[in-house]
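Heads up: the structure comes next, in structure tokens.
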Amino acid sequence: MGYQFDWSLVLTGEYRDWLLDGFVLTLKISALAGVCALALGTLVAVMRLSRVKPLEWLSLAFTEFFRNTPLLVQIFFWYFGSEAFLPKAVNVWLYKQDFEFAAGTIALTVYSSAFIAEELRSGVFSIPKNQLEASRATGLNFLQAYRYVILPQAFRIVIPPLISQLLNLLKNSSLVMTIGVMELTYQARQVESFTFHGFEAFTVATLLYLAVSLSVSFAITMYNKHFLHQLRY
Amino acid sequence: MRWDIVYNNLDYLLWGSFPNGPLGGIAASIMLAVLGIFGAFWLGLGFGLMRLSNSRILRAVAMVYVEVIRGTPLLMLIFWFYFLGPVVFNYNLPEFQSALMAFVVFTGAFVAEIVRAGVNALPGGQMEAARGAGLTRFQAMRYVILPQALRNMIPSFVNQFVSLTKDTSLAYIIGVNELTKAATQINNREVVAPAEIFLAIAVLYFLICWVLTAFSRRMERHLARYQARGR
């Protein structure tokens, strides 16, 4: 093989800084989209559980549509198409900001929130129905029953799948490079095209992704071992 | 809204310039997904069984494969096969094949987990009874465990196929002719209707994925009835 390895290229100097900048941006866009997706996902899940038919349908349509279309297409839709359906004032404001970053964040938020809503909903459904009935019978009203009995239990079940959804979000954030957000994958690609030392650049980027995913999924496994066995019906 | 642009280019979105040129559009996406899931099934079956084997080394190899691949973004993997394979190992593959390889390796890790979970979900008595009847461990796997486990895994395979169908859109990034590429080509040519074009291909992807998801849900309910249970 006619390939000379040169690790110092990506571990020192300018190219290292590019990769680190990219990593920071990856973490930033994932964190921002993650927080927004948790909020939006909760809203969608509550709509689904609200027992108001139109809200339920709306929520069902939302989750089904955004879960069953590719993220890349959604990113392009928000990036190229936002002009057509967002109000003009919003677009003007968005263009003044970092528009690539904004469109990427919106796409990641909406996509992840659909998955998060499903996790939340199935978490609440996994609590046996007689828990609700029992708490209603002891005199709690509907909200109190959810607030003090159902949700505290559902929350513990839902945490591990929610965290793995957030990890998916971190990995999915690599797709926003297609619209020019300079995150980790973008920067690795950039180093590759400047130096032709793609092997080193992609290795560093892959290891950075792996470091985050593996440490978090190790933590989930530990969590499952310690807390989840208490919840058996 | 300029839906006529989508309508006029519909054949290009569906099968590219097929009879006169290369296959493209959603037909190519589906082909990528079908070939990908086929390869991933065998790869995943192999690694899933390695994960269940008695040899510690085989188990470790399978675990490293599964964890590393699942912790890496698919896009990263596509770049590995497309940019680095040729440089490091001196081979030359067209975009379609190298994207396909990335899909197989990526999906294989998920299939391996499905296989492991499916085999573990069978009651332990099945293996014991098969061994007790005089079958070797391999025979028991081949004739007793896998036929039952694989059937129960079908819904998960369908779900995996659905995510792979969505993931084939990433092949666009290295220039494979498929639905997303067709859409960006049309968008670059027409310029005035990006929202319509991307919405239209989102609907095309959605139809396939949603039909399959609905199918797998029905199947799940159906199969649950025939499952061997422990006590």
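Each chain of the structure tokens is named A, B, ... in the order shown, its residues numbered from 1; ligands are numbered from 1 in display order.
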
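Every protein, DNA or RNA residue with an atom at most 10 Å from Val44 of chain A, where only C-alpha atoms count and chain neighbours fewer than 4 positions away do not, is listed here: Leu38, Ala39, Leu40, Arg48, Leu49, Ser50, Leu55, Glu56, Leu58, Ser59, Leu60, Phe62, Thr63, Ser113, Ala114, Ile116, Ala117, Glu118, Leu120 and Arg121 of chain A.
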
### Task
For chain A, report every residue with an atom at most 8 Å from chain B (counting only C-alpha atoms), formatted as a ChimeraX atom specification.
/A:1-3,64-65,68-74,76-77,80-82,84,171-172,174-175,178,185,198-199,202,206,209-210,213-214

### Message
Based on the backbone DSSP call, show me all residues of segment 29-160 of chain B assigned alpha helix (DSSP H), as a PyMOL selection string.
### Response
chain B and resi 29-52+56-71+74-79+85-89+95-121+124-132+137-140+146-160

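Once Ile186 of chain B and its same-chain neighbours fewer than 6 positions away are set aside, Ile5, Val6, Asn9, Tyr12, Leu13, Pro194 and Ile197 of chain B remain within 9 Å of it when counting only C-alpha atoms.
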
### Message
Env of Ile150 of chain A: 9 Å cut, atoms = only C-alpha atoms, seq-sep filter 5 positions within chain, self excluded. Answer as a ChimeraX atom specification.
### Response
/A:124,127,131-132,145,155

Written file, previous selection with C-alpha atoms, as a short mmCIF file (atom, residue, chain, number, x, y, z; two decimals), in the first residue's frame:
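File produced: part_13.cif:
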```
data_model
loop_
_atom_site.label_atom_id
_atom_site.label_comp_id
_atom_site.auth_asym_id
_atom_site.auth_seq_id
_atom_site.Cartn_x
_atom_site.Cartn_y
_atom_site.Cartn_z
CA VAL A 124 -46.45 5.87 29.93
CA ILE A 127 -47.31 1.39 33.37
CA GLN A 131 -52.03 1.88 38.68
CA LEU A 132 -54.13 4.70 37.29
CA ALA A 145 -52.61 10.57 39.45
CA PHE A 155 -39.80 8.49 33.83
#
```

### Query
Which residues come within 7 Å of segment 141-154 of chain B, counting only C-alpha atoms, excluding same-chain residues fewer than 2 positions away, as a ChimeraX atom specification?
/B:114,118-119,122,127,130,137-139,156-158,223

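For the pair atom CA of Ala109 of chain B and atom CA of Phe47 of chain B, the interatomic distance is 7.8 Å.
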
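Put simply, atom CA of Ala62 of chain B is 8.7 Å away from atom CA of Leu49 of chain B.
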
### Task
Figure out the distance between atom CA of Val46 of chain A and atom CA of Thr26 of chain A, please, to one decimal in Å.
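It comes out at 29.4 Å.
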
### Message
Could you list, as a PyMOL selection string, every residue within 7 Å of segment 21-32 of chain B, counting only C-alpha atoms and ignoring same-chain residues fewer than 2 positions away?
### Response
chain B and resi 12-19+34-36+100+165+168+177-179+182

### Query
Nearest to Ile179 of chain A among A:Leu19, A:Ala45, A:Ala102, A:Ala211, with distances taken over only C-alpha atoms: which residue is it?
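Closest candidate: A:Ala102.
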
### Task
Find the residues near Thr221 of chain A: any atom within 12 Å, counting only C-alpha atoms, skip ones fewer than 4 places away on the same chain, and give them as JSON, numbers by chain.
{"A": [159, 160, 161, 163, 164, 214, 215, 216, 217, 225, 226, 227, 228, 229]}
